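So this block is structure_33.cif, mmCIF, C-alpha atoms and all ligand atoms:
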data_protein
#
loop_
_atom_site.label_atom_id
_atom_site.label_comp_id
_atom_site.auth_asym_id
_atom_site.auth_seq_id
_atom_site.Cartn_x
_atom_site.Cartn_y
_atom_site.Cartn_z
CA MET A 1 0.00 0.00 0.00
CA SER A 2 1.39 3.43 -0.90
CA LEU A 3 1.91 5.90 1.91
CA VAL A 4 1.20 8.78 -0.45
CA THR A 5 -2.19 10.25 0.36
CA ASP A 6 -2.17 13.72 -1.14
CA ARG A 7 0.26 16.25 -2.58
CA ARG A 8 -0.02 19.59 -0.83
CA ARG A 9 2.27 22.59 -0.40
CA VAL A 10 3.45 22.64 3.20
CA VAL A 11 5.82 25.11 4.84
CA LEU A 12 7.71 23.61 7.76
CA GLY A 13 9.12 26.33 9.99
CA VAL A 14 11.82 25.38 12.47
CA ALA A 15 12.75 27.69 15.34
CA GLY A 16 15.93 27.54 17.40
CA GLY A 17 15.37 24.99 20.15
CA ILE A 18 17.00 21.64 20.84
CA ALA A 19 13.84 19.88 19.59
CA ALA A 20 14.80 21.12 16.09
CA TYR A 21 16.34 17.69 15.51
CA LYS A 22 12.84 16.18 15.68
CA ALA A 23 11.79 18.43 12.79
CA CYS A 24 13.87 16.16 10.53
CA GLU A 25 11.61 13.20 11.28
CA LEU A 26 8.50 15.33 10.88
CA LEU A 27 9.83 16.53 7.52
CA ARG A 28 10.38 12.94 6.47
CA ARG A 29 6.84 11.99 7.43
CA LEU A 30 5.38 14.94 5.54
CA THR A 31 7.34 14.19 2.36
CA GLU A 32 6.51 10.48 2.59
CA SER A 33 2.84 11.45 2.67
CA GLY A 34 3.48 13.01 -0.73
CA HIS A 35 3.58 16.68 0.26
CA GLN A 36 5.91 19.26 -1.25
CA VAL A 37 7.59 20.67 1.84
CA ARG A 38 9.56 23.89 1.98
CA VAL A 39 11.61 24.19 5.17
CA ILE A 40 12.16 27.66 6.62
CA PRO A 41 14.40 27.60 9.68
CA THR A 42 15.21 30.61 11.80
CA GLU A 43 18.86 31.63 11.90
CA SER A 44 19.21 30.13 15.38
CA ALA A 45 17.63 26.81 14.30
CA LEU A 46 20.68 26.32 12.09
CA ASN A 47 22.78 26.07 15.27
CA PHE A 48 20.99 22.77 15.90
CA VAL A 49 20.43 21.32 12.40
CA GLY A 50 22.32 22.35 9.26
CA ALA A 51 20.58 23.71 6.17
CA ALA A 52 22.04 20.82 4.15
CA THR A 53 20.01 18.30 6.19
CA PHE A 54 16.76 20.15 5.51
CA GLU A 55 17.66 20.63 1.83
CA ALA A 56 18.48 16.96 1.36
CA LEU A 57 15.34 15.74 3.14
CA SER A 58 12.99 18.20 1.42
CA GLY A 59 14.64 18.41 -2.00
CA GLN A 60 14.07 22.18 -1.80
CA PRO A 61 16.34 25.16 -1.14
CA VAL A 62 16.56 26.42 2.43
CA HIS A 63 16.98 30.09 3.41
CA THR A 64 16.42 32.03 6.60
CA GLY A 65 16.37 35.66 5.45
CA VAL A 66 14.34 37.80 3.08
CA PHE A 67 17.36 38.92 1.04
CA THR A 68 18.00 35.59 -0.67
CA ASP A 69 16.11 34.74 -3.83
CA VAL A 70 14.94 38.39 -4.03
CA PRO A 71 13.58 38.31 -7.65
CA GLU A 72 11.30 35.44 -6.57
CA VAL A 73 9.91 37.56 -3.69
CA ALA A 74 10.09 34.42 -1.56
CA HIS A 75 8.99 36.14 1.66
CA VAL A 76 5.59 36.77 0.09
CA ARG A 77 5.23 33.85 -2.31
CA LEU A 78 5.96 31.00 0.11
CA GLY A 79 3.22 32.09 2.50
CA GLN A 80 0.72 32.89 -0.24
CA GLN A 81 1.14 29.49 -1.88
CA ALA A 82 1.21 27.39 1.29
CA GLU A 83 -1.74 25.13 2.08
CA LEU A 84 -0.46 24.53 5.61
CA VAL A 85 2.25 26.14 7.73
CA VAL A 86 3.62 24.01 10.56
CA ILE A 87 6.24 25.43 12.93
CA ALA A 88 7.92 22.73 15.01
CA PRO A 89 9.50 23.49 17.35
CA ALA A 90 7.98 26.92 18.03
CA THR A 91 10.13 28.56 20.73
CA ALA A 92 8.93 31.20 23.22
CA ASP A 93 10.66 33.81 21.05
CA LEU A 94 8.97 32.58 17.88
CA LEU A 95 5.55 32.69 19.60
CA ALA A 96 6.28 36.26 20.74
CA ARG A 97 7.33 37.36 17.28
CA ALA A 98 4.33 35.67 15.67
CA ALA A 99 1.91 37.18 18.20
CA HIS A 100 3.24 40.66 17.52
CA GLY A 101 3.27 40.40 13.76
CA ARG A 102 7.03 40.79 13.40
CA ALA A 103 8.52 40.06 10.00
CA ASP A 104 12.23 40.16 10.73
CA ASP A 105 13.12 36.90 9.01
CA LEU A 106 11.75 34.70 6.23
CA LEU A 107 9.72 32.52 8.60
CA THR A 108 7.83 35.32 10.36
CA ALA A 109 7.34 37.18 7.05
CA THR A 110 5.85 33.96 5.66
CA LEU A 111 3.45 33.77 8.62
CA LEU A 112 2.12 37.22 7.77
CA THR A 113 1.37 36.33 4.15
CA ALA A 114 -0.06 32.86 4.82
CA ARG A 115 -3.86 32.54 4.64
CA CYS A 116 -3.91 28.79 5.18
CA PRO A 117 -4.17 26.89 8.49
CA VAL A 118 -1.18 27.50 10.78
CA LEU A 119 -0.06 24.89 13.31
CA LEU A 120 2.43 26.02 15.95
CA VAL A 121 4.04 23.29 18.02
CA PRO A 122 5.69 24.81 21.09
CA ALA A 123 8.70 23.30 22.81
CA MET A 124 10.50 25.09 25.62
CA HIS A 125 11.28 24.83 29.30
CA THR A 126 8.27 24.64 31.60
CA GLU A 127 8.99 28.04 33.17
CA MET A 128 8.98 29.69 29.75
CA TRP A 129 5.77 27.89 28.71
CA LEU A 130 3.98 28.91 31.93
CA HIS A 131 5.28 32.50 31.95
CA PRO A 132 2.43 35.06 31.70
CA ALA A 133 4.06 36.57 28.60
CA THR A 134 3.94 33.24 26.78
CA ARG A 135 0.42 32.48 28.08
CA ASP A 136 -0.76 35.84 26.67
CA ASN A 137 0.99 35.25 23.35
CA VAL A 138 -0.60 31.80 23.02
CA ALA A 139 -4.06 33.17 23.88
CA LEU A 140 -3.64 35.97 21.33
CA LEU A 141 -2.51 33.59 18.59
CA ARG A 142 -5.40 31.19 19.33
CA SER A 143 -7.89 34.06 19.25
CA ARG A 144 -6.74 34.65 15.66
CA GLY A 145 -7.54 31.05 14.71
CA ILE A 146 -3.95 29.82 14.80
CA VAL A 147 -3.65 26.33 16.27
CA VAL A 148 -1.11 26.29 19.08
CA LEU A 149 -0.64 22.74 20.35
CA GLU A 150 -0.35 21.82 23.98
CA PRO A 151 3.16 20.49 24.54
CA ALA A 152 3.78 17.06 26.02
CA ALA A 153 4.90 16.70 29.61
CA GLY A 154 8.03 14.75 30.44
CA ARG A 155 11.77 14.90 30.38
CA LEU A 156 13.19 18.17 29.02
CA THR A 157 16.79 18.97 28.14
CA GLY A 158 18.85 18.42 31.26
CA VAL A 159 17.22 17.00 34.36
CA ASP A 160 13.96 19.01 34.31
CA THR A 161 10.55 17.48 33.73
CA GLY A 162 7.23 19.20 33.09
CA PRO A 163 5.09 20.47 30.20
CA GLY A 164 7.23 21.79 27.36
CA ARG A 165 8.33 18.78 25.36
CA LEU A 166 7.70 18.74 21.64
CA PRO A 167 4.93 16.21 20.88
CA GLU A 168 6.27 13.25 18.89
CA PRO A 169 6.64 13.84 15.11
CA VAL A 170 4.06 11.13 14.37
CA GLU A 171 1.52 13.03 16.48
CA ILE A 172 2.35 16.37 14.82
CA ALA A 173 2.03 14.72 11.40
CA GLU A 174 -1.38 13.31 12.36
CA LEU A 175 -2.63 16.75 13.42
CA ALA A 176 -1.10 18.38 10.32
CA ARG A 177 -3.03 15.90 8.17
CA LEU A 178 -6.17 16.73 10.15
CA LEU A 179 -5.80 20.47 9.40
CA LEU A 180 -5.27 19.71 5.71
CA GLU A 181 -8.47 17.63 5.75
CA ARG A 182 -10.38 20.15 7.83
CA PRO A 183 -8.87 23.59 8.66
CA ASP A 184 -11.32 24.26 11.52
CA ALA A 185 -10.88 20.88 13.25
CA LEU A 186 -9.13 22.20 16.37
CA PRO A 187 -11.08 25.06 17.99
CA GLN A 188 -10.71 25.55 21.75
CA ASP A 189 -14.35 24.58 22.33
CA LEU A 190 -13.65 21.94 25.00
CA ALA A 191 -11.68 24.28 27.25
CA GLY A 192 -12.55 23.60 30.89
CA ARG A 193 -14.27 20.28 30.04
CA ARG A 194 -13.26 16.94 31.49
CA VAL A 195 -13.49 13.95 29.20
CA VAL A 196 -12.71 10.26 29.61
CA VAL A 197 -11.95 8.11 26.57
CA SER A 198 -11.39 4.34 26.50
CA ALA A 199 -9.28 2.77 23.75
CA GLY A 200 -7.78 -0.49 22.55
CA GLY A 201 -8.83 -4.08 23.02
CA THR A 202 -9.19 -5.91 26.31
CA ARG A 203 -7.33 -9.17 26.89
CA GLU A 204 -9.00 -11.90 28.90
CA PRO A 205 -6.46 -14.33 30.34
CA LEU A 206 -6.92 -18.07 29.95
CA ASP A 207 -3.67 -19.23 31.53
CA PRO A 208 -0.35 -17.47 32.29
CA VAL A 209 0.59 -17.26 28.57
CA ARG A 210 -2.70 -17.16 26.65
CA PHE A 211 -5.59 -14.75 26.41
CA LEU A 212 -8.69 -13.98 24.35
CA GLY A 213 -8.11 -10.69 22.58
CA ASN A 214 -9.28 -8.76 19.55
CA ARG A 215 -7.89 -6.81 16.62
CA SER A 216 -8.47 -3.29 17.94
CA SER A 217 -5.37 -1.12 17.37
CA GLY A 218 -6.57 1.66 19.69
CA ARG A 219 -5.95 4.27 16.97
CA GLN A 220 -9.49 5.69 17.05
CA GLY A 221 -9.50 6.07 20.84
CA TYR A 222 -6.05 7.69 20.82
CA ALA A 223 -7.17 10.07 18.07
CA LEU A 224 -10.24 11.01 20.15
CA ALA A 225 -8.06 11.71 23.19
CA ARG A 226 -5.49 13.64 21.14
CA VAL A 227 -8.05 15.84 19.41
CA ALA A 228 -9.97 16.53 22.65
CA ALA A 229 -6.77 17.58 24.43
CA GLN A 230 -5.86 19.92 21.59
CA ARG A 231 -9.39 21.37 21.74
CA GLY A 232 -8.71 22.35 25.35
CA ALA A 233 -10.20 19.43 27.32
CA GLN A 234 -8.68 17.81 30.37
CA VAL A 235 -8.44 14.25 29.07
CA THR A 236 -8.06 10.86 30.74
CA LEU A 237 -7.29 8.08 28.28
CA VAL A 238 -8.03 4.61 29.63
CA SER A 239 -6.03 2.34 27.40
CA ALA A 240 -6.42 -1.40 27.02
CA HIS A 241 -4.02 -3.23 24.69
CA THR A 242 -3.09 -1.29 21.53
CA ALA A 243 -0.69 -1.40 18.63
CA ASP A 244 2.57 0.44 19.28
CA LEU A 245 1.05 3.93 19.55
CA VAL A 246 2.49 7.21 20.80
CA PRO A 247 0.64 8.43 23.91
CA PRO A 248 -1.12 11.70 23.05
CA ALA A 249 0.51 14.86 24.41
CA SER A 250 -1.17 16.54 27.35
CA VAL A 251 -3.36 13.54 28.19
CA ARG A 252 -3.46 11.54 31.44
CA MET A 253 -3.12 7.82 30.69
CA VAL A 254 -4.37 4.87 32.70
CA THR A 255 -3.58 1.42 31.32
CA VAL A 256 -5.77 -1.63 31.88
CA GLY A 257 -5.79 -5.26 30.75
CA THR A 258 -9.13 -7.00 31.17
CA ALA A 259 -12.72 -5.84 30.75
CA ALA A 260 -13.15 -6.05 34.54
CA GLU A 261 -10.22 -3.64 35.04
CA LEU A 262 -11.53 -1.34 32.33
CA ARG A 263 -14.94 -1.31 33.98
CA GLU A 264 -13.54 -0.42 37.39
CA VAL A 265 -11.43 2.47 36.03
CA MET A 266 -14.19 3.80 33.77
CA VAL A 267 -16.77 3.83 36.57
CA ALA A 268 -14.36 5.72 38.85
CA GLU A 269 -13.02 8.16 36.22
CA SER A 270 -16.43 8.98 34.73
CA LYS A 271 -17.88 10.41 37.94
CA GLN A 272 -16.52 13.91 37.34
CA ALA A 273 -16.57 13.88 33.54
CA ASP A 274 -18.57 16.07 31.16
CA ALA A 275 -18.28 13.44 28.43
CA VAL A 276 -17.32 9.77 28.31
CA VAL A 277 -16.42 7.99 25.08
CA MET A 278 -16.27 4.19 24.97
CA ALA A 279 -14.04 3.55 21.95
CA ALA A 280 -12.47 0.42 23.47
CA ALA A 281 -13.22 -2.98 21.98
CA VAL A 282 -14.38 -4.78 25.08
CA ALA A 283 -14.41 -8.57 25.08
CA ASP A 284 -17.99 -9.75 25.43
CA PHE A 285 -16.81 -13.00 26.98
CA ARG A 286 -13.94 -14.12 29.19
CA PRO A 287 -12.74 -17.60 30.15
CA GLU A 288 -14.83 -18.52 33.17
CA SER A 289 -11.76 -19.40 35.19
CA LEU A 290 -8.08 -18.56 34.94
CA VAL A 291 -5.95 -21.70 34.86
CA GLY A 292 -2.92 -21.19 37.11
CA HIS A 293 -0.47 -23.07 34.86
CA LYS A 294 0.12 -23.28 31.12
CA ILE A 295 -2.49 -25.65 29.68
CA LYS A 296 -0.62 -28.63 28.22
CA LYS A 297 -1.28 -30.59 25.05
CA THR A 298 -2.70 -33.97 25.97
CA GLU A 299 -3.45 -37.23 24.19
CA SER A 300 -7.14 -36.71 24.86
CA GLY A 301 -7.33 -33.66 22.55
CA PRO A 302 -7.91 -29.95 23.13
CA PRO A 303 -9.47 -28.66 26.35
CA THR A 304 -12.96 -27.20 26.41
CA ILE A 305 -12.99 -23.54 27.43
CA THR A 306 -16.11 -22.37 29.21
CA LEU A 307 -16.84 -18.68 28.78
CA ALA A 308 -18.57 -16.22 31.08
CA THR A 309 -20.27 -13.03 29.89
CA ASN A 310 -18.56 -9.71 30.67
CA PRO A 311 -20.64 -6.77 31.90
CA ASP A 312 -21.59 -4.19 29.27
CA ILE A 313 -19.61 -1.20 30.52
CA LEU A 314 -21.28 1.28 28.18
CA VAL A 315 -24.75 0.34 29.45
CA GLU A 316 -23.52 0.57 33.02
CA LEU A 317 -21.99 4.04 32.43
CA VAL A 318 -25.29 5.20 30.91
CA GLY A 319 -27.07 4.01 34.07
CA LEU A 320 -24.60 5.81 36.35
CA ARG A 321 -24.43 9.00 34.25
CA PRO A 322 -24.65 12.19 36.33
CA GLY A 323 -26.93 14.98 35.06
CA GLY A 324 -25.52 16.80 32.03
CA GLN A 325 -22.92 14.15 31.19
CA LEU A 326 -22.79 12.87 27.61
CA VAL A 327 -22.00 9.23 26.91
CA VAL A 328 -20.75 8.20 23.48
CA GLY A 329 -20.50 4.62 22.22
CA PHE A 330 -18.98 2.98 19.18
CA ALA A 331 -20.48 0.18 17.15
CA ALA A 332 -18.53 -1.85 14.64
CA GLU A 333 -21.15 -3.47 12.47
CA THR A 334 -21.49 -5.62 9.42
CA GLY A 335 -24.72 -5.90 7.47
CA ASP A 336 -26.55 -9.23 7.38
CA GLU A 337 -29.84 -10.67 6.14
CA SER A 338 -31.76 -8.87 8.91
CA GLY A 339 -30.56 -5.37 7.98
CA ASP A 340 -27.72 -3.10 6.86
CA VAL A 341 -25.02 -1.51 9.02
CA LEU A 342 -27.09 1.61 9.74
CA HIS A 343 -30.16 -0.42 10.72
CA HIS A 344 -28.09 -2.36 13.28
CA GLY A 345 -26.56 0.92 14.50
CA ARG A 346 -29.94 2.49 15.23
CA ALA A 347 -31.06 -0.60 17.13
CA LYS A 348 -27.82 -0.54 19.15
CA LEU A 349 -28.22 3.15 20.05
CA ALA A 350 -31.66 2.37 21.47
CA ARG A 351 -30.41 -0.73 23.29
CA LYS A 352 -27.38 0.92 24.87
CA GLY A 353 -29.17 4.16 25.81
CA CYS A 354 -26.14 6.38 25.07
CA ASP A 355 -26.41 9.96 23.73
CA LEU A 356 -24.30 9.43 20.63
CA LEU A 357 -23.22 6.33 18.75
CA VAL A 358 -20.54 6.17 16.07
CA VAL A 359 -21.35 3.37 13.66
CA ASN A 360 -18.55 1.91 11.51
CA ALA A 361 -18.78 -0.71 8.85
CA VAL A 362 -16.10 -3.32 9.55
CA GLY A 363 -14.72 -6.42 7.87
CA ASP A 364 -12.66 -6.85 4.69
CA GLY A 365 -9.88 -4.58 6.02
CA VAL A 366 -12.22 -1.66 6.79
CA ALA A 367 -11.66 0.33 10.03
CA PHE A 368 -9.81 -2.21 12.21
CA GLU A 369 -6.03 -1.61 12.26
CA GLN A 370 -6.40 0.98 9.46
CA PRO A 371 -5.47 4.67 9.65
CA ASP A 372 -8.78 5.79 8.13
CA ASN A 373 -12.35 5.49 9.28
CA GLY A 374 -15.85 6.63 8.35
CA GLY A 375 -19.48 5.81 9.06
CA TRP A 376 -22.39 7.54 10.75
CA LEU A 377 -22.91 9.48 13.94
CA LEU A 378 -26.32 8.69 15.40
CA ALA A 379 -27.77 10.78 18.21
CA ALA A 380 -30.46 9.84 20.74
CA ASP A 381 -32.11 13.20 19.94
CA GLY A 382 -32.68 11.98 16.38
CA GLY A 383 -29.62 13.42 14.62
CA GLU A 384 -27.92 11.31 11.96
CA THR A 385 -24.71 12.57 10.34
CA GLU A 386 -22.67 10.74 7.76
CA LEU A 387 -18.97 10.72 8.67
CA ALA A 388 -17.06 10.90 5.41
CA ASN A 389 -14.08 8.59 5.17
CA GLY A 390 -10.89 10.26 6.37
CA SER A 391 -8.33 10.06 9.13
CA LYS A 392 -9.35 8.78 12.55
CA ALA A 393 -8.51 12.27 13.85
CA LEU A 394 -11.04 13.71 11.39
CA LEU A 395 -13.73 11.35 12.67
CA ALA A 396 -12.71 12.30 16.23
CA SER A 397 -13.12 15.99 15.39
CA ARG A 398 -16.69 15.35 14.17
CA VAL A 399 -17.53 13.47 17.37
CA TRP A 400 -16.20 16.35 19.49
CA ASP A 401 -18.21 18.84 17.40
CA ALA A 402 -21.36 16.96 18.37
CA VAL A 403 -20.30 16.70 22.02
CA ALA A 404 -19.32 20.40 22.26
CA ALA A 405 -22.62 21.48 20.65
CA ARG A 406 -24.62 19.41 23.15
CA LEU A 407 -22.59 20.54 26.18
CA GLY A 408 -23.46 24.06 25.10
O1 LIG B 501 -22.41 -4.42 21.74
P1 LIG B 501 -21.18 -3.94 21.09
O2 LIG B 501 -19.93 -4.65 21.58
O3 LIG B 501 -21.25 -3.85 19.61
O4 LIG B 501 -21.08 -2.42 21.57
C1 LIG B 501 -20.00 -1.62 21.31
C2 LIG B 501 -19.96 -0.49 22.28
O5 LIG B 501 -20.20 -0.97 23.60
C3 LIG B 501 -18.59 0.16 22.32
O6 LIG B 501 -18.76 1.51 22.68
C4 LIG B 501 -17.90 -0.64 23.42
O7 LIG B 501 -16.85 0.12 23.99
C5 LIG B 501 -19.02 -0.89 24.40
N1 LIG B 501 -18.95 -2.16 25.14
C6 LIG B 501 -18.87 -2.15 26.52
N2 LIG B 501 -18.83 -3.31 27.23
C7 LIG B 501 -18.91 -4.50 26.60
C8 LIG B 501 -19.03 -4.55 25.21
C9 LIG B 501 -19.04 -3.36 24.51
O8 LIG B 501 -18.80 -1.05 27.09
N3 LIG B 501 -18.85 -5.62 27.33
#

Could you spell out this file's structure in structure tokens?
Amino acid sequence: MSLVTDRRRVVLGVAGGIAAYKACELLRRLTESGHQVRVIPTESALNFVGAATFEALSGQPVHTGVFTDVPEVAHVRLGQQAELVVIAPATADLLARAAHGRADDLLTATLLTARCPVLLVPAMHTEMWLHPATRDNVALLRSRGIVVLEPAAGRLTGVDTGPGRLPEPVEIAELARLLLERPDALPQDLAGRRVVVSAGGTREPLDPVRFLGNRSSGRQGYALARVAAQRGAQVTLVSAHTADLVPPASVRMVTVGTAAELREVMVAESKQADAVVMAAAVADFRPESLVGHKIKKTESGPPTITLATNPDILVELVGLRPGGQLVVGFAAETGDESGDVLHHGRAKLARKGCDLLVVNAVGDGVAFEQPDNGGWLLAADGGETELANGSKALLASRVWDAVAARLG
């Protein structure tokens, strides 16, 4: 399968912070997606990564000032032609210059001429990120519709830890793709909201080495958590087993194994939440008893495994829901002789009692373990929206639109 999805003109700005080295991987990801990427570093970024690296990886010339390539009027043309500007890392100084409309190098001049979505990805020490000057600059930039990502928390340069790390390049690339698909996908409309999202597939142990599991990669749940956090929500992601995924920046993670563990954490975490999304693939059955030793092959043939039914967590969360809380479920359906995917989705919405239900068609390589998803969003209040096929982050953004509208 080709990785190339679309060919768009992207400007990748790189400011002068140690995380500039991660811009090389981001650049690689953007070019492998088929985009034509023009890198514009600041002069200080070149202290961390040389222009030759960016030129080789992008196949495009690299300049920092407005006095190179003058007949081409690059400081105007690059911004005008861009379909997306991503600046990663965006330092405190870059945010300040952008907020104040400075145009003292090629990158900031390009920001002033760009009319496309702009994605700024801050990386700096925690003190700088939390300083009132930076807070004000971020608020000002966001009020102009510029997307300023929340940084990840964790180890910074030296021994410090705290918010200020650059999110992983794969996460930045996912959000860049989202803005190319939908420029208004990341408003700050969940600011002050608490949301809990479950993701991945539960594993029900049979003996110390075997379990019953499922094919859920967790990508949709992670995308929901990632998009909610970047729309301002305080997010708890309750993660069962997933593919090798990068934890979303600025999200609190709780990991679980079995459906019983997932249930316990979801019931506790949901108490204070404004919205709860059950994107996890929960095993409907578990082995009735856990065998304490590895089950051996015997002459008498395979053992019989007796199954017990797991509780339906979604139904339970609906029953426990405090006033004003929204509960969202997912339904992976296939059509059969009794009805199509949508018919089964409507019946499931009624049965589960949740406020919103995302219905996906699955099977034949659709949805499971794939980067893209689509389907329908059904609402208990009668709404029915088709979710056009696109990235899982795009589907997540549509779900959060519906949640934000209903939370008011
Ligand atoms: O009934 P079905 O498994 O199709 O329902 C899917 C929805 O119900 C998903 O939101 C899933 O997270 C949730 N679910 C649950 N507990 C179960 C089975 C499914 O919460 N035991």

Could I get the residue neighbourhood of ligand LIG 501 (chain B) at 8 Å, counting only C-alpha atoms and all ligand atoms, as a PyMOL selection string?
chain A and resi 198+259+263+277-285+309-316+328-333+348+352+357

Could you tell me how far atom CA of A:Gly232 sits from atom CA of A:Ala185, in Å to one decimal place?
12.4 Å

For A:Ala229, which residue among A:Leu149, A:Val358, A:Cys24, A:Leu140 is the nearest when counting all atoms listed in the file?
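Distance minimum relative to A:Ala229 lands on A:Leu149.
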
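Between atom CA of A:Glu269 and atom CA of A:Leu190 there is a distance of 17.8 Å.
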
So how far away is atom CA of A:Ala88 from atom CA of A:His125, in Å?
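Taking atom CA of A:His125 as the start and atom CA of A:Ala88 as the end point, the length is 14.8 Å.
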
Could you rebuild stretch 224-235 of chain A with N, CA, C and O atoms and give it back as a PDB file, keeping the file's coordinate frame?
ATOM      1  N   LEU A 224      -9.213  10.261  19.392  1.00  0.00           N
ATOM      2  CA  LEU A 224     -10.240  11.010  20.150  1.00  0.00           C
ATOM      3  C   LEU A 224      -9.608  11.758  21.310  1.00  0.00           C
ATOM      4  O   LEU A 224      -9.905  12.933  21.547  1.00  0.00           O
ATOM      5  N   ALA A 225      -8.718  11.080  22.043  1.00  0.00           N
ATOM      6  CA  ALA A 225      -8.060  11.710  23.190  1.00  0.00           C
ATOM      7  C   ALA A 225      -7.177  12.872  22.734  1.00  0.00           C
ATOM      8  O   ALA A 225      -7.181  13.965  23.307  1.00  0.00           O
ATOM      9  N   ARG A 226      -6.424  12.635  21.674  1.00  0.00           N
ATOM     10  CA  ARG A 226      -5.490  13.640  21.140  1.00  0.00           C
ATOM     11  C   ARG A 226      -6.235  14.894  20.685  1.00  0.00           C
ATOM     12  O   ARG A 226      -5.855  16.017  21.014  1.00  0.00           O
ATOM     13  N   VAL A 227      -7.301  14.692  19.948  1.00  0.00           N
ATOM     14  CA  VAL A 227      -8.050  15.840  19.410  1.00  0.00           C
ATOM     15  C   VAL A 227      -8.749  16.592  20.543  1.00  0.00           C
ATOM     16  O   VAL A 227      -8.749  17.824  20.575  1.00  0.00           O
ATOM     17  N   ALA A 228      -9.299  15.852  21.518  1.00  0.00           N
ATOM     18  CA  ALA A 228      -9.970  16.530  22.650  1.00  0.00           C
ATOM     19  C   ALA A 228      -8.973  17.378  23.423  1.00  0.00           C
ATOM     20  O   ALA A 228      -9.268  18.515  23.807  1.00  0.00           O
ATOM     21  N   ALA A 229      -7.777  16.826  23.669  1.00  0.00           N
ATOM     22  CA  ALA A 229      -6.770  17.580  24.430  1.00  0.00           C
ATOM     23  C   ALA A 229      -6.377  18.841  23.679  1.00  0.00           C
ATOM     24  O   ALA A 229      -6.217  19.908  24.283  1.00  0.00           O
ATOM     25  N   GLN A 230      -6.259  18.743  22.364  1.00  0.00           N
ATOM     26  CA  GLN A 230      -5.860  19.920  21.590  1.00  0.00           C
ATOM     27  C   GLN A 230      -7.029  20.875  21.371  1.00  0.00           C
ATOM     28  O   GLN A 230      -6.827  21.989  20.911  1.00  0.00           O
ATOM     29  N   ARG A 231      -8.243  20.457  21.735  1.00  0.00           N
ATOM     30  CA  ARG A 231      -9.390  21.370  21.740  1.00  0.00           C
ATOM     31  C   ARG A 231      -9.624  21.919  23.141  1.00  0.00           C
ATOM     32  O   ARG A 231     -10.646  22.521  23.409  1.00  0.00           O
ATOM     33  N   GLY A 232      -8.685  21.686  24.038  1.00  0.00           N
ATOM     34  CA  GLY A 232      -8.710  22.350  25.350  1.00  0.00           C
ATOM     35  C   GLY A 232      -9.187  21.498  26.498  1.00  0.00           C
ATOM     36  O   GLY A 232      -9.175  21.952  27.643  1.00  0.00           O
ATOM     37  N   ALA A 233      -9.643  20.249  26.232  1.00  0.00           N
ATOM     38  CA  ALA A 233     -10.200  19.430  27.320  1.00  0.00           C
ATOM     39  C   ALA A 233      -9.107  18.872  28.213  1.00  0.00           C
ATOM     40  O   ALA A 233      -7.961  18.716  27.803  1.00  0.00           O
ATOM     41  N   GLN A 234      -9.521  18.562  29.449  1.00  0.00           N
ATOM     42  CA  GLN A 234      -8.680  17.810  30.370  1.00  0.00           C
ATOM     43  C   GLN A 234      -9.043  16.347  30.124  1.00  0.00           C
ATOM     44  O   GLN A 234     -10.191  15.951  30.367  1.00  0.00           O
ATOM     45  N   VAL A 235      -8.100  15.575  29.602  1.00  0.00           N
ATOM     46  CA  VAL A 235      -8.440  14.250  29.070  1.00  0.00           C
ATOM     47  C   VAL A 235      -7.805  13.129  29.879  1.00  0.00           C
ATOM     48  O   VAL A 235      -6.608  13.176  30.183  1.00  0.00           O
TER      49      VAL A 235
END
